[in-house]
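Read the structure below first, then the notes.
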Amino acid sequence: MSRSHGRRSRRKRLALMVAAPAVAVAAGATLLNPAGAATPSEVTADCRADSEKLANCEFVDVQFKQNSLGPNERVSPVSDNCSNASTTTKTFSVSASVTRTIQLEEGFIADSGIKLGNSFFEIGAKFQTKEVNITRDDTKTTLAFDRTDTVQADSIGFFMWSHKRTDVSGFIKATYKEPQDGQTVFFSPSEGAATIHVFYPQILNNGTPDGRLWLRNVKCGTPEASGLVNSTRALRSEPGFGEGGGNVTDVEIPLSEVPAP
């Protein structure tokens with residue numbers, strides 16, 4: 001009995017010795033996990049609000065892509081030439097504007113009057129070229145002119161526009177005035193990420209926004225035409241250049257024919 005009891009006691013002591021380091025590791029892991037540190041969403045919210053808790057907030061660029069095309073926008077009223085067997089000439093009033101936009105995980109902001117906005121402005125200077133300026137602040141650059149062009153037989157016609165922009169992606173770095181769990185610098189979504197996008201519109205040297213402008217003709221009586229005629233939204237989603245299908249004809253207009261502002 002005594003020998004058996006002795007073996008059981010030794011086994012218990014061994015088990016406790018093995019278990020003890022595991023408990024210590026688990027406790028260490030808990031200590032290393034910052035319970036009250038700023039989360040990425042809190043960093044974004046504080047930077048968006050220009051919180052008093054911040055010493056600084058900045059956008060850190062990781063990569064960029066020039067000549068990225070923006071949304072496809074209808075930028076003139078629709079001219080109706082339905083039930084007419086011949087082409088007709090119409091005068092179109094074309095109007096569009098471009099501005100810098102910032103795409104965060106939670107939406108869009110464009111306020112240049114905050115620390116974060118200042119860094120967007122400064123970073124924009126890095127991507128200027130001899131041929132193209134970029135809109136570094138959140139003021140609008142406008143494209144507005146009248147143009148006479150041809151609407152095809154039994155068709156509706158209107159102008160489409162897609163502006164060119166420099167897409168800069170990166171992450172947000174926030175420096176807090178007071179330490180949180182021993183540190184003052186936090187990131188959103190993470191350091192080195194490239195998921196926050198800043199779109200800088202490209203402006204030609206004559207002041208005209210750079211992009212693609214085209215006249216679109218759509219055959220009357222087709223689903224595409226009906227959707228346009230019945231739409232109450234001037235800037236509803238439209239297919240890109242050459243992507244409208246068999247009932248749609250697109251003709252690109254050289255920007256050299258667009259009058260400078």
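Each chain of the structure tokens is named A, B, ... in the order shown, its residues numbered from 1; ligands are numbered from 1 in display order.
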Find the nearest atom pair between each residue of region 155-239 of chain A and region 127-136 of chain A for residues within 6 Å, count only C-alpha atoms, give distances in Å to one decimal, sort rows by chain and ascending number, and present the table as a Markdown table.
| residue | atom | partner | partner_atom | distance |
| --- | --- | --- | --- | --- |
| A:Tyr200 | CA | A:Thr135 | CA | 5.5 |
| A:Pro201 | CA | A:Thr135 | CA | 5.4 |
| A:Gln202 | CA | A:Ile134 | CA | 4.4 |
| A:Ile203 | CA | A:Asn133 | CA | 5.0 |
| A:Leu204 | CA | A:Val132 | CA | 5.0 |
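Here the residues within region 58-125 of chain A that DSSP labels helix (DSSP H, G or I) on the basis of the backbone are A:Lys115, A:Leu116, A:Gly117, A:Asn118, A:Ser119, A:Phe120, A:Phe121, A:Glu122, A:Ile123, A:Gly124, A:Ala125.
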Export of prior selection with C-alpha atoms as a CSV table (one decimal), in the first residue's frame:
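again18.csv written:
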chain,number,residue,atom,x,y,z
A,115,LYS,CA,-5.4,66.8,-39.2
A,116,LEU,CA,-6.3,63.8,-41.4
A,117,GLY,CA,-7.3,66.1,-44.2
A,118,ASN,CA,-4.0,67.9,-44.0
A,119,SER,CA,-2.1,64.7,-44.6
A,120,PHE,CA,-4.2,64.0,-47.6
A,121,PHE,CA,-3.3,67.4,-49.0
A,122,GLU,CA,0.4,66.9,-48.4
A,123,ILE,CA,0.5,63.4,-49.8
A,124,GLY,CA,-1.2,64.6,-53.0
A,125,ALA,CA,1.9,66.7,-53.9
If you run DSSP on the backbone here, which positions in region 23-244 of chain A get strand (DSSP E)? Please write them as a PyMOL selection string. chain A and resi 54-69+73-74+79-81+88-98+101-104+107-109+132-134+141-151+155-180+183-188+196-204+211-219
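For Asp149 (chain A), the set of protein, DNA and RNA residues having any atom at most 9 Å away, when counting only C-alpha atoms and skipping those fewer than 5 positions along the same chain, is Thr88, Thr89, Lys90, Thr91, Phe92 and Leu215 of chain A.
The residue that comes closest to Thr148 (chain A), out of A:Ser76, A:Leu228, A:Ala193, A:Ser237 and on the basis of only C-alpha atoms, is A:Ser76.
Taking only C-alpha atoms, the non-local environment of region 244-250 of chain A within 9 Å (same-chain residues fewer than 6 positions away omitted) comprises Trp214, Leu215, Arg216, Asn217, Val218, Lys219, Cys220, Thr222, Glu224, Ala225 and Glu238 of chain A.
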May I have the residues within 12 Å of Cys47 (chain A) as JSON, numbers by chain, using only C-alpha atoms and disregarding those fewer than 4 positions away in the same chain? {"A": [38, 40, 41, 42, 43, 51, 52, 53, 54, 55, 56, 57, 58, 59, 104, 109, 111, 112, 113, 114, 115, 116, 117, 118, 119, 171, 172, 173, 174, 175, 176, 186, 187, 188]}
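Distances to Ala153 (chain A) were evaluated for A:Thr39, A:Ala85, A:Asp137, A:Pro261 using only C-alpha atoms, and the minimum falls at A:Ala85.
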Have a look at A:Gln63, A:Thr184, A:Pro259, A:Thr101 and name the one nearest to Ala144 (chain A); count only C-alpha atoms. A:Pro259
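By only C-alpha atoms, and with residues fewer than 2 positions from Phe199 (chain A) along its chain excluded, the set lying at most 8 Å from it is Arg100, Thr101, Ile102, Arg165, Thr166, Asp167, Val168, His197 and Pro201 of chain A.
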Produce a file of the selected residues containing N, CA, C and O atoms, as a CSV table (one decimal), in the first residue's frame.
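Below you can see again.csv, which holds the result:
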chain,number,residue,atom,x,y,z
A,100,ARG,N,-11.8,65.5,-54.7
A,100,ARG,CA,-11.1,64.5,-54.0
A,100,ARG,C,-12.0,63.7,-53.1
A,100,ARG,O,-12.9,64.4,-52.4
A,101,THR,N,-12.0,62.4,-53.0
A,101,THR,CA,-12.8,61.6,-52.1
A,101,THR,C,-11.9,60.6,-51.4
A,101,THR,O,-10.9,60.2,-51.9
A,102,ILE,N,-12.4,60.3,-50.2
A,102,ILE,CA,-11.6,59.4,-49.3
A,102,ILE,C,-12.6,58.3,-49.0
A,102,ILE,O,-13.7,58.5,-48.5
A,165,ARG,N,-8.4,59.6,-62.3
A,165,ARG,CA,-8.0,59.9,-60.9
A,165,ARG,C,-6.8,59.1,-60.5
A,165,ARG,O,-6.5,58.0,-61.1
A,166,THR,N,-6.0,59.6,-59.6
A,166,THR,CA,-4.9,58.8,-59.0
A,166,THR,C,-5.4,58.2,-57.7
A,166,THR,O,-5.8,58.9,-56.8
A,167,ASP,N,-5.4,56.9,-57.7
A,167,ASP,CA,-5.9,56.1,-56.5
A,167,ASP,C,-4.7,55.8,-55.6
A,167,ASP,O,-3.8,55.0,-56.0
A,168,VAL,N,-4.7,56.4,-54.5
A,168,VAL,CA,-3.6,56.2,-53.5
A,168,VAL,C,-4.2,55.4,-52.3
A,168,VAL,O,-5.2,55.8,-51.7
A,197,HIS,N,-8.6,54.1,-49.4
A,197,HIS,CA,-8.3,54.7,-50.7
A,197,HIS,C,-8.6,56.2,-50.7
A,197,HIS,O,-9.6,56.7,-50.2
A,201,PRO,N,-8.6,63.5,-58.2
A,201,PRO,CA,-8.9,63.7,-59.6
A,201,PRO,C,-7.7,64.4,-60.3
A,201,PRO,O,-7.0,65.2,-59.7
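Between CA of Asn67 (chain A) and CA of Gly170 (chain A) the interatomic distance comes to 17.8 Å.
Counting only C-alpha atoms, the residue from A:Ser83, A:His163, A:Gly242, A:Glu257 that sits nearest to Arg147 (chain A) is A:Glu257.
Shortest atom-to-atom contact with Ser169 (chain A) among A:Pro189, A:Ala45, A:Glu252, A:Asn72: A:Pro189, counting only C-alpha atoms.
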